[in-house]
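Structure data (compact mmCIF, C-alpha atoms) from work_31.txt:
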```
# COMPACT_ATOMS: atom_id res chain seq x y z
CA MET A 1 -14.75 -31.21 22.48
CA LYS A 2 -15.51 -34.26 20.41
CA GLU A 3 -17.74 -37.02 21.75
CA ASN A 4 -15.03 -39.41 22.84
CA ASP A 5 -12.29 -36.92 23.68
CA ASN A 6 -12.64 -38.01 27.31
CA GLN A 7 -11.52 -41.49 26.32
CA TYR A 8 -8.76 -40.17 24.05
CA PHE A 9 -7.22 -38.09 26.84
CA MET A 10 -7.65 -40.82 29.42
CA ARG A 11 -5.93 -43.32 27.14
CA ARG A 12 -2.97 -40.94 27.01
CA ALA A 13 -2.91 -40.72 30.84
CA ILE A 14 -3.00 -44.53 31.04
CA ALA A 15 -0.22 -44.82 28.42
CA LEU A 16 1.91 -42.46 30.53
CA ALA A 17 1.30 -44.68 33.57
CA GLN A 18 2.57 -47.66 31.62
CA GLU A 19 5.55 -45.77 30.16
CA GLY A 20 6.62 -44.42 33.56
CA MET A 21 6.36 -47.86 35.11
CA ASN A 22 8.28 -49.51 32.26
CA ALA A 23 11.03 -46.89 32.53
CA GLY A 24 11.37 -47.47 36.29
CA ALA A 25 10.39 -43.86 36.99
CA GLY A 26 8.01 -44.70 39.80
CA GLY A 27 4.53 -46.11 40.45
CA PRO A 28 1.98 -46.96 37.72
CA PHE A 29 0.27 -43.57 37.46
CA GLY A 30 -0.10 -41.05 34.63
CA ALA A 31 -1.91 -37.74 34.14
CA VAL A 32 -2.50 -35.06 31.50
CA VAL A 33 -3.83 -31.51 31.71
CA VAL A 34 -6.12 -30.43 28.88
CA LYS A 35 -7.13 -26.88 27.96
CA ASP A 36 -9.32 -25.94 24.99
CA GLY A 37 -9.24 -29.51 23.73
CA GLU A 38 -5.43 -29.78 23.68
CA ILE A 39 -3.02 -31.54 26.02
CA ILE A 40 -0.85 -28.83 27.54
CA ALA A 41 1.07 -30.97 30.06
CA GLU A 42 1.77 -34.62 30.79
CA GLY A 43 3.23 -36.42 33.77
CA HIS A 44 3.85 -39.81 35.26
CA ASN A 45 4.79 -40.78 38.77
CA SER A 46 8.52 -40.13 39.30
CA VAL A 47 8.86 -40.50 43.08
CA THR A 48 11.59 -43.11 43.23
CA SER A 49 13.63 -41.99 40.22
CA GLN A 50 13.57 -38.28 41.10
CA ASN A 51 13.85 -38.77 44.86
CA ASP A 52 10.76 -36.60 45.23
CA PRO A 53 7.87 -37.92 47.34
CA THR A 54 5.65 -35.20 45.86
CA ALA A 55 6.28 -36.26 42.26
CA HIS A 56 2.93 -37.97 41.75
CA ALA A 57 1.60 -37.89 38.18
CA GLU A 58 -0.99 -35.20 38.88
CA ILE A 59 1.48 -32.90 40.65
CA VAL A 60 4.07 -33.31 37.89
CA ALA A 61 1.41 -32.44 35.27
CA ILE A 62 -0.05 -29.53 37.29
CA ARG A 63 3.37 -27.93 37.83
CA LEU A 64 4.22 -28.27 34.16
CA ALA A 65 0.84 -26.92 33.02
CA CYS A 66 1.15 -23.87 35.30
CA ASP A 67 4.67 -23.27 34.06
CA LYS A 68 3.49 -23.37 30.45
CA LEU A 69 0.47 -21.15 31.07
CA ASN A 70 2.52 -18.79 33.23
CA THR A 71 -0.06 -18.82 35.99
CA PHE A 72 -0.60 -20.47 39.36
CA GLN A 73 -4.16 -21.59 38.61
CA LEU A 74 -5.65 -23.91 36.01
CA ALA A 75 -8.93 -22.15 35.20
CA GLY A 76 -10.75 -23.87 32.34
CA CYS A 77 -8.51 -26.95 32.45
CA ILE A 78 -9.41 -30.61 32.83
CA ILE A 79 -7.08 -33.05 34.59
CA TYR A 80 -7.16 -36.66 33.38
CA THR A 81 -5.52 -39.07 35.79
CA SER A 82 -5.21 -42.83 35.56
CA CYS A 83 -6.19 -43.15 39.24
CA GLU A 84 -8.32 -41.23 41.72
CA PRO A 85 -6.00 -38.61 43.28
CA CYS A 86 -4.46 -39.26 46.70
CA PRO A 87 -5.10 -36.64 49.43
CA MET A 88 -1.88 -34.78 48.55
CA CYS A 89 -2.86 -34.54 44.89
CA LEU A 90 -6.44 -33.69 45.75
CA GLY A 91 -5.15 -30.80 47.84
CA ALA A 92 -2.96 -29.69 44.94
CA ILE A 93 -5.98 -29.88 42.63
CA TYR A 94 -8.02 -27.63 44.91
CA TRP A 95 -5.20 -25.10 45.06
CA ALA A 96 -4.82 -25.23 41.24
CA ARG A 97 -8.60 -24.98 40.71
CA PRO A 98 -9.12 -26.80 37.39
CA GLU A 99 -12.65 -27.04 36.01
CA LYS A 100 -12.92 -30.79 36.22
CA VAL A 101 -11.09 -34.03 37.08
CA VAL A 102 -11.53 -37.32 35.23
CA TYR A 103 -10.05 -40.48 36.79
CA ALA A 104 -9.92 -44.16 35.80
CA CYS A 105 -9.03 -46.48 38.71
CA ASN A 106 -10.39 -45.58 42.13
CA ARG A 107 -8.77 -45.50 45.58
CA HIS A 108 -9.77 -49.12 46.28
CA ASP A 109 -8.05 -50.28 43.10
CA ALA A 110 -4.95 -48.38 44.27
CA ALA A 111 -5.10 -50.02 47.70
CA ALA A 112 -5.28 -53.42 46.02
CA VAL A 113 -1.85 -52.77 44.44
CA GLU A 114 -0.47 -51.53 47.78
CA PHE A 115 -0.89 -47.77 47.45
CA ASP A 116 -2.92 -47.17 50.56
CA ASP A 117 -4.31 -43.65 50.31
CA GLN A 118 -6.96 -44.59 52.86
CA PHE A 119 -4.35 -44.43 55.62
CA ILE A 120 -3.75 -40.77 54.74
CA TYR A 121 -7.49 -40.02 54.49
CA ASN A 122 -7.87 -41.47 57.99
CA GLU A 123 -5.00 -39.43 59.36
CA LEU A 124 -6.49 -36.22 57.96
CA ASP A 125 -9.65 -36.89 59.95
CA VAL A 126 -8.14 -37.49 63.37
CA THR A 127 -6.88 -34.85 65.78
CA LEU A 128 -3.22 -33.89 65.74
CA GLU A 129 -2.76 -35.77 69.02
CA GLU A 130 -4.03 -39.02 67.50
CA ARG A 131 -1.82 -39.03 64.42
CA LYS A 132 0.76 -41.70 63.63
CA ILE A 133 3.34 -38.97 62.95
CA ALA A 134 3.81 -36.84 66.10
CA PHE A 135 2.61 -33.23 65.84
CA SER A 136 3.43 -30.53 68.38
CA GLN A 137 3.11 -26.76 68.58
CA GLU A 138 5.71 -24.06 69.31
CA LEU A 139 5.84 -20.26 69.19
CA ARG A 140 2.37 -19.59 67.81
CA ASP A 141 2.51 -15.99 69.07
CA GLU A 142 5.70 -15.26 67.12
CA ALA A 143 4.30 -16.76 63.92
CA LEU A 144 1.07 -14.77 64.28
CA VAL A 145 3.13 -11.59 63.97
CA VAL A 146 3.93 -12.60 60.37
CA PHE A 147 0.28 -13.43 59.65
CA ASN A 148 -0.70 -9.98 60.90
CA ALA A 149 1.94 -8.43 58.67
CA TRP A 150 0.39 -10.31 55.73
CA THR A 151 -3.03 -8.89 56.59
CA ASN A 152 -1.58 -5.39 56.52
CA LYS A 153 0.53 -5.89 53.38
CA VAL A 154 -0.84 -3.69 50.61
CA ASP A 155 0.97 -5.16 47.58
CA LYS A 156 0.19 -8.85 48.09
CA THR A 157 -0.88 -11.34 45.40
CA ARG A 158 -3.72 -13.53 46.68
CA TYR A 159 -4.06 -17.16 45.59
CA MET B 160 19.22 -31.93 70.71
CA LYS B 161 19.54 -29.01 73.09
CA GLU B 162 16.64 -27.99 75.31
CA ASN B 163 15.35 -25.11 73.22
CA ASP B 164 16.33 -26.35 69.77
CA ASN B 165 12.63 -26.63 68.96
CA GLN B 166 12.33 -22.89 69.39
CA TYR B 167 15.55 -22.21 67.49
CA PHE B 168 14.38 -24.18 64.45
CA MET B 169 10.86 -22.75 64.60
CA ARG B 170 12.26 -19.22 64.73
CA ARG B 171 14.11 -19.99 61.50
CA ALA B 172 10.88 -21.25 59.89
CA ILE B 173 9.09 -18.08 60.99
CA ALA B 174 11.94 -15.91 59.69
CA LEU B 175 11.62 -17.66 56.30
CA ALA B 176 7.89 -16.91 56.30
CA GLN B 177 8.67 -13.24 56.83
CA GLU B 178 11.48 -13.20 54.24
CA GLY B 179 9.35 -14.87 51.58
CA MET B 180 6.49 -12.49 52.19
CA ASN B 181 8.77 -9.45 52.11
CA ALA B 182 10.31 -10.62 48.85
CA GLY B 183 6.89 -11.07 47.24
CA ALA B 184 7.54 -14.80 46.79
CA GLY B 185 4.12 -15.90 48.01
CA GLY B 186 2.08 -16.32 51.20
CA PRO B 187 3.49 -15.87 54.74
CA PHE B 188 4.71 -19.41 55.34
CA GLY B 189 8.13 -20.92 56.05
CA ALA B 190 9.49 -24.38 56.85
CA VAL B 191 12.75 -26.16 57.62
CA VAL B 192 13.72 -29.83 57.66
CA VAL B 193 16.08 -30.91 60.46
CA LYS B 194 18.11 -34.09 60.65
CA ASP B 195 20.54 -34.96 63.44
CA GLY B 196 20.16 -31.48 64.92
CA GLU B 197 21.05 -29.65 61.68
CA ILE B 198 18.87 -27.80 59.20
CA ILE B 199 19.23 -29.67 55.91
CA ALA B 200 16.61 -27.78 53.87
CA GLU B 201 14.64 -24.56 54.05
CA GLY B 202 11.65 -23.25 52.12
CA HIS B 203 9.09 -20.51 52.00
CA ASN B 204 5.86 -20.31 50.08
CA SER B 205 6.60 -19.46 46.43
CA VAL B 206 3.24 -20.12 44.76
CA THR B 207 2.69 -16.77 43.08
CA SER B 208 6.30 -16.01 42.15
CA GLN B 209 7.06 -19.48 40.78
CA ASN B 210 3.63 -20.04 39.19
CA ASP B 211 3.45 -23.29 41.12
CA PRO B 212 0.33 -23.98 43.21
CA THR B 213 2.22 -26.82 44.93
CA ALA B 214 5.09 -24.58 46.12
CA HIS B 215 3.97 -24.37 49.72
CA ALA B 216 6.78 -23.96 52.25
CA GLU B 217 6.63 -27.56 53.45
CA ILE B 218 6.68 -29.03 49.94
CA VAL B 219 9.56 -26.79 48.88
CA ALA B 220 11.53 -27.89 51.95
CA ILE B 221 10.63 -31.58 51.61
CA ARG B 222 11.68 -31.70 47.94
CA LEU B 223 14.95 -29.97 48.71
CA ALA B 224 15.66 -32.22 51.71
CA CYS B 225 15.04 -35.38 49.68
CA ASP B 226 17.24 -34.07 46.90
CA LYS B 227 20.05 -33.42 49.39
CA LEU B 228 19.67 -36.76 51.14
CA ASN B 229 19.31 -38.57 47.81
CA THR B 230 16.22 -40.42 49.01
CA PHE B 231 12.45 -40.20 48.63
CA GLN B 232 11.76 -40.51 52.35
CA LEU B 233 12.68 -38.39 55.35
CA ALA B 234 13.29 -41.03 58.02
CA GLY B 235 14.62 -39.49 61.22
CA CYS B 236 13.80 -35.93 60.12
CA ILE B 237 11.72 -33.26 61.85
CA ILE B 238 9.75 -30.70 59.83
CA TYR B 239 9.28 -27.28 61.42
CA THR B 240 6.59 -25.22 59.75
CA SER B 241 5.30 -21.77 60.68
CA CYS B 242 1.71 -23.00 60.18
CA GLU B 243 -0.18 -26.27 60.51
CA PRO B 244 0.13 -28.00 57.10
CA CYS B 245 -2.75 -27.80 54.63
CA PRO B 246 -4.20 -31.10 53.36
CA MET B 247 -1.85 -31.11 50.34
CA CYS B 248 1.21 -30.66 52.55
CA LEU B 249 -0.09 -33.13 55.09
CA GLY B 250 -0.39 -35.69 52.31
CA ALA B 251 3.16 -34.88 51.21
CA ILE B 252 4.33 -35.32 54.80
CA TYR B 253 2.77 -38.77 55.04
CA TRP B 254 4.40 -39.82 51.77
CA ALA B 255 7.77 -38.43 52.98
CA ARG B 256 7.40 -40.06 56.41
CA PRO B 257 9.39 -37.75 58.70
CA GLU B 258 9.63 -38.62 62.39
CA LYS B 259 7.79 -35.55 63.64
CA VAL B 260 6.16 -32.26 62.65
CA VAL B 261 6.29 -29.07 64.70
CA TYR B 262 3.99 -26.19 63.72
CA ALA B 263 3.35 -22.67 65.08
CA CYS B 264 0.06 -21.15 63.84
CA ASN B 265 -2.89 -23.50 63.43
CA ARG B 266 -5.47 -23.90 60.65
CA HIS B 267 -7.83 -21.41 62.29
CA ASP B 268 -5.11 -18.76 62.39
CA ALA B 269 -4.56 -19.44 58.66
CA ALA B 270 -8.27 -19.09 57.91
CA ALA B 271 -8.27 -15.74 59.73
CA VAL B 272 -5.76 -14.44 57.18
CA GLU B 273 -7.82 -15.88 54.28
CA PHE B 274 -6.06 -19.21 53.70
CA ASP B 275 -9.03 -21.47 54.08
CA ASP B 276 -7.71 -24.99 54.37
CA GLN B 277 -11.00 -26.03 55.94
CA PHE B 278 -12.67 -25.90 52.54
CA ILE B 279 -10.23 -28.55 51.30
CA TYR B 280 -10.63 -30.67 54.45
CA ASN B 281 -14.38 -30.60 53.84
CA GLU B 282 -14.02 -31.57 50.19
CA LEU B 283 -11.83 -34.54 51.13
CA ASP B 284 -14.65 -35.86 53.29
CA VAL B 285 -17.50 -35.73 50.81
CA THR B 286 -18.18 -38.17 48.00
CA LEU B 287 -16.81 -37.45 44.54
CA GLU B 288 -20.35 -36.59 43.39
CA GLU B 289 -20.72 -33.90 46.05
CA ARG B 290 -17.49 -32.07 45.33
CA LYS B 291 -17.26 -28.46 44.16
CA ILE B 292 -14.88 -29.54 41.39
CA ALA B 293 -16.61 -32.07 39.11
CA PHE B 294 -15.18 -35.62 39.22
CA SER B 295 -16.07 -38.33 36.72
CA GLN B 296 -14.75 -41.77 35.84
CA GLU B 297 -13.60 -43.21 32.49
CA LEU B 298 -11.88 -46.39 31.32
CA ARG B 299 -11.25 -48.01 34.70
CA ASP B 300 -10.81 -51.42 33.01
CA GLU B 301 -8.01 -50.17 30.78
CA ALA B 302 -6.21 -48.53 33.69
CA LEU B 303 -6.51 -51.69 35.79
CA VAL B 304 -4.38 -53.48 33.19
CA VAL B 305 -1.46 -51.23 34.19
CA PHE B 306 -2.09 -51.83 37.89
CA ASN B 307 -2.00 -55.57 37.26
CA ALA B 308 1.27 -55.15 35.38
CA TRP B 309 2.66 -53.31 38.43
CA THR B 310 1.65 -56.22 40.66
CA ASN B 311 3.54 -58.59 38.40
CA LYS B 312 6.59 -56.36 37.93
CA VAL B 313 9.58 -58.01 39.57
CA ASP B 314 12.06 -55.10 39.58
CA LYS B 315 9.89 -52.42 41.15
CA THR B 316 10.91 -49.94 43.85
CA ARG B 317 8.17 -49.59 46.47
CA TYR B 318 7.53 -46.30 48.24
```
Please express what this file holds, its structure, as structure tokens.
Amino acid sequence: MKENDNQYFMRRAIALAQEGMNAGAGGPFGAVVVKDGEIIAEGHNSVTSQNDPTAHAEIVAIRLACDKLNTFQLAGCIIYTSCEPCPMCLGAIYWARPEKVVYACNRHDAAAVEFDDQFIYNELDVTLEERKIAFSQELRDEALVVFNAWTNKVDKTRY
Amino acid sequence: MKENDNQYFMRRAIALAQEGMNAGAGGPFGAVVVKDGEIIAEGHNSVTSQNDPTAHAEIVAIRLACDKLNTFQLAGCIIYTSCEPCPMCLGAIYWARPEKVVYACNRHDAAAVEFDDQFIYNELDVTLEERKIAFSQELRDEALVVFNAWTNKVDKTRY
């Protein structure tokens, strides 16, 4: 990797943020996935245009990168995102397991333009009973039967 | 809603978990989205078969429900999931804003069958410097230009 590749790839993520916003695709966020010094996937926020609340830039880019690499994990990849990932995207990043994440704006910058990730961080830290969205439990015993079947399944693919 | 509709819908989510597992689609997780007493979308985990680390049951069902309703939010909907949502799915739920979430197994049950969401919860709570995946920052000033453009954009759709 060349000395200022980090800036080169981040500038592309920022350009995608601008392009997506200009096109009315969604919020001002862009991301790229890089492997072996090459961009293998790009994404920008597309929530409002695609009617998909999960279509944040990072998730769009992760799904595309996995599709291209034909794998469900991003070993050896670097994700460049124009803003610190929200809790949903952070979760997706941990499931995808890239090597590294590079971000530009932080969560406070995002809050200043009315994307309040902190609300979600707070909700993750309180008990289910305290959450703003109501959570309740049903039929745990019946669902555990399926978990036990998973434990005993011999031909499973772990992830 | 009839008295035991909660159990009816949860049994469907659990059946989807079993079906997905049997079909080799992914882990043992299922979810349905209900609006006005009707199932409008179903999903099961499809991570390993679809090469999509974000294809958890809840996210599959949320994306499908939004597509059907032609909206990026799930006002008035209830999500039934065979297991307490992981941090990624919880984030997706907050962005989708359903009325309620009903789950069967909890995060400890999931950990017992080797789906360790707690690792991700822990990572969400530590500083970027302390994380197991390396995080670094680049070009915040250039990305802030796009955020400022968003603030000034007159024809934006908020979400």
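Between atom CA of Ser295 of chain B and atom CA of Lys312 of chain B there is a distance of 29.0 Å.
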Could the residues of chain B within 7 Å of chain A, counting all atoms listed in the file, be given as a VMD selection string, please?
chain B and resid 166 173 177 187 206 to 207 210 to 213 222 225 to 226 229 to 232 241 246 to 251 253 to 255 258 to 264 272 279 292 to 299 302 to 303 305 to 306 309 to 310 316
Write out the coordinates of chain A as a compact mmCIF listing (two decimals) with C-alpha atoms, in the coordinates of the input after a least-squares overlay onto chain B built on all ordered Cα pairs.
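Resulting contents of superposed-v3.txt:
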```txt
# COMPACT_ATOMS: atom_id res chain seq x y z
CA MET A 1 19.17 -31.96 70.71
CA LYS A 2 19.52 -29.05 73.07
CA GLU A 3 16.63 -27.99 75.30
CA ASN A 4 15.36 -25.12 73.21
CA ASP A 5 16.36 -26.37 69.76
CA ASN A 6 12.64 -26.63 68.97
CA GLN A 7 12.34 -22.88 69.39
CA TYR A 8 15.56 -22.20 67.48
CA PHE A 9 14.38 -24.16 64.44
CA MET A 10 10.88 -22.75 64.61
CA ARG A 11 12.26 -19.21 64.72
CA ARG A 12 14.11 -19.99 61.49
CA ALA A 13 10.87 -21.27 59.88
CA ILE A 14 9.08 -18.08 60.99
CA ALA A 15 11.95 -15.91 59.67
CA LEU A 16 11.63 -17.67 56.30
CA ALA A 17 7.89 -16.90 56.30
CA GLN A 18 8.67 -13.23 56.82
CA GLU A 19 11.48 -13.19 54.23
CA GLY A 20 9.34 -14.90 51.58
CA MET A 21 6.49 -12.50 52.20
CA ASN A 22 8.77 -9.44 52.12
CA ALA A 23 10.32 -10.63 48.85
CA GLY A 24 6.88 -11.08 47.25
CA ALA A 25 7.53 -14.80 46.78
CA GLY A 26 4.13 -15.89 48.01
CA GLY A 27 2.10 -16.32 51.21
CA PRO A 28 3.48 -15.86 54.75
CA PHE A 29 4.70 -19.42 55.35
CA GLY A 30 8.13 -20.91 56.05
CA ALA A 31 9.49 -24.38 56.85
CA VAL A 32 12.76 -26.16 57.62
CA VAL A 33 13.73 -29.83 57.66
CA VAL A 34 16.07 -30.89 60.45
CA LYS A 35 18.11 -34.10 60.66
CA ASP A 36 20.54 -34.96 63.46
CA GLY A 37 20.17 -31.48 64.92
CA GLU A 38 21.06 -29.65 61.69
CA ILE A 39 18.89 -27.81 59.18
CA ILE A 40 19.24 -29.68 55.91
CA ALA A 41 16.62 -27.77 53.87
CA GLU A 42 14.64 -24.55 54.04
CA GLY A 43 11.65 -23.26 52.12
CA HIS A 44 9.09 -20.51 51.99
CA ASN A 45 5.85 -20.31 50.08
CA SER A 46 6.60 -19.47 46.43
CA VAL A 47 3.23 -20.11 44.76
CA THR A 48 2.69 -16.77 43.08
CA SER A 49 6.30 -16.00 42.15
CA GLN A 50 7.07 -19.48 40.77
CA ASN A 51 3.65 -20.03 39.21
CA ASP A 52 3.46 -23.30 41.13
CA PRO A 53 0.34 -23.98 43.21
CA THR A 54 2.21 -26.82 44.94
CA ALA A 55 5.07 -24.60 46.10
CA HIS A 56 3.96 -24.37 49.72
CA ALA A 57 6.78 -23.96 52.25
CA GLU A 58 6.64 -27.56 53.46
CA ILE A 59 6.67 -29.02 49.94
CA VAL A 60 9.56 -26.78 48.88
CA ALA A 61 11.54 -27.88 51.97
CA ILE A 62 10.63 -31.58 51.61
CA ARG A 63 11.68 -31.69 47.94
CA LEU A 64 14.96 -29.97 48.73
CA ALA A 65 15.67 -32.21 51.73
CA CYS A 66 15.03 -35.37 49.68
CA ASP A 67 17.25 -34.06 46.92
CA LYS A 68 20.06 -33.41 49.39
CA LEU A 69 19.69 -36.76 51.14
CA ASN A 70 19.30 -38.57 47.81
CA THR A 71 16.23 -40.42 49.00
CA PHE A 72 12.47 -40.21 48.64
CA GLN A 73 11.76 -40.52 52.36
CA LEU A 74 12.69 -38.38 55.36
CA ALA A 75 13.31 -41.03 58.02
CA GLY A 76 14.63 -39.48 61.23
CA CYS A 77 13.81 -35.92 60.13
CA ILE A 78 11.72 -33.26 61.84
CA ILE A 79 9.75 -30.70 59.82
CA TYR A 80 9.28 -27.28 61.42
CA THR A 81 6.58 -25.22 59.75
CA SER A 82 5.29 -21.79 60.66
CA CYS A 83 1.70 -22.99 60.18
CA GLU A 84 -0.20 -26.26 60.51
CA PRO A 85 0.11 -28.00 57.11
CA CYS A 86 -2.76 -27.79 54.62
CA PRO A 87 -4.21 -31.11 53.35
CA MET A 88 -1.86 -31.11 50.34
CA CYS A 89 1.19 -30.66 52.55
CA LEU A 90 -0.10 -33.14 55.10
CA GLY A 91 -0.39 -35.69 52.31
CA ALA A 92 3.15 -34.89 51.21
CA ILE A 93 4.33 -35.31 54.80
CA TYR A 94 2.77 -38.77 55.04
CA TRP A 95 4.40 -39.81 51.78
CA ALA A 96 7.78 -38.43 52.98
CA ARG A 97 7.40 -40.07 56.41
CA PRO A 98 9.41 -37.75 58.69
CA GLU A 99 9.63 -38.61 62.38
CA LYS A 100 7.81 -35.56 63.63
CA VAL A 101 6.16 -32.26 62.64
CA VAL A 102 6.29 -29.07 64.71
CA TYR A 103 3.98 -26.19 63.73
CA ALA A 104 3.34 -22.68 65.07
CA CYS A 105 0.06 -21.16 63.84
CA ASN A 106 -2.89 -23.50 63.43
CA ARG A 107 -5.47 -23.90 60.64
CA HIS A 108 -7.84 -21.40 62.30
CA ASP A 109 -5.12 -18.76 62.37
CA ALA A 110 -4.57 -19.44 58.66
CA ALA A 111 -8.28 -19.09 57.93
CA ALA A 112 -8.28 -15.75 59.73
CA VAL A 113 -5.77 -14.42 57.16
CA GLU A 114 -7.82 -15.88 54.29
CA PHE A 115 -6.07 -19.20 53.69
CA ASP A 116 -9.05 -21.47 54.08
CA ASP A 117 -7.71 -25.00 54.36
CA GLN A 118 -10.99 -26.05 55.95
CA PHE A 119 -12.68 -25.90 52.55
CA ILE A 120 -10.23 -28.54 51.30
CA TYR A 121 -10.64 -30.68 54.45
CA ASN A 122 -14.40 -30.61 53.84
CA GLU A 123 -14.02 -31.56 50.20
CA LEU A 124 -11.83 -34.54 51.11
CA ASP A 125 -14.64 -35.86 53.29
CA VAL A 126 -17.50 -35.71 50.81
CA THR A 127 -18.19 -38.16 48.00
CA LEU A 128 -16.83 -37.45 44.54
CA GLU A 129 -20.37 -36.59 43.41
CA GLU A 130 -20.72 -33.88 46.06
CA ARG A 131 -17.47 -32.05 45.33
CA LYS A 132 -17.25 -28.45 44.17
CA ILE A 133 -14.87 -29.52 41.38
CA ALA A 134 -16.61 -32.08 39.12
CA PHE A 135 -15.18 -35.61 39.22
CA SER A 136 -16.07 -38.33 36.72
CA GLN A 137 -14.75 -41.77 35.83
CA GLU A 138 -13.61 -43.22 32.48
CA LEU A 139 -11.88 -46.40 31.31
CA ARG A 140 -11.27 -48.02 34.68
CA ASP A 141 -10.83 -51.43 33.02
CA GLU A 142 -8.02 -50.16 30.78
CA ALA A 143 -6.20 -48.52 33.69
CA LEU A 144 -6.50 -51.68 35.79
CA VAL A 145 -4.38 -53.47 33.18
CA VAL A 146 -1.46 -51.22 34.19
CA PHE A 147 -2.09 -51.82 37.90
CA ASN A 148 -1.99 -55.56 37.26
CA ALA A 149 1.27 -55.14 35.37
CA TRP A 150 2.66 -53.31 38.42
CA THR A 151 1.64 -56.22 40.66
CA ASN A 152 3.53 -58.60 38.40
CA LYS A 153 6.59 -56.38 37.93
CA VAL A 154 9.59 -58.03 39.56
CA ASP A 155 12.07 -55.13 39.59
CA LYS A 156 9.89 -52.43 41.15
CA THR A 157 10.93 -49.95 43.86
CA ARG A 158 8.19 -49.62 46.48
CA TYR A 159 7.54 -46.32 48.26
```
In Å, with one decimal, what is the gap from atom CA of Gly179 of chain B to atom CA of His203 of chain B?
5.7 Å
Enter the distance from atom CA of Gly37 of chain A to atom CA of Asn4 of chain A, in Å, rounded to one decimal.
11.5 Å
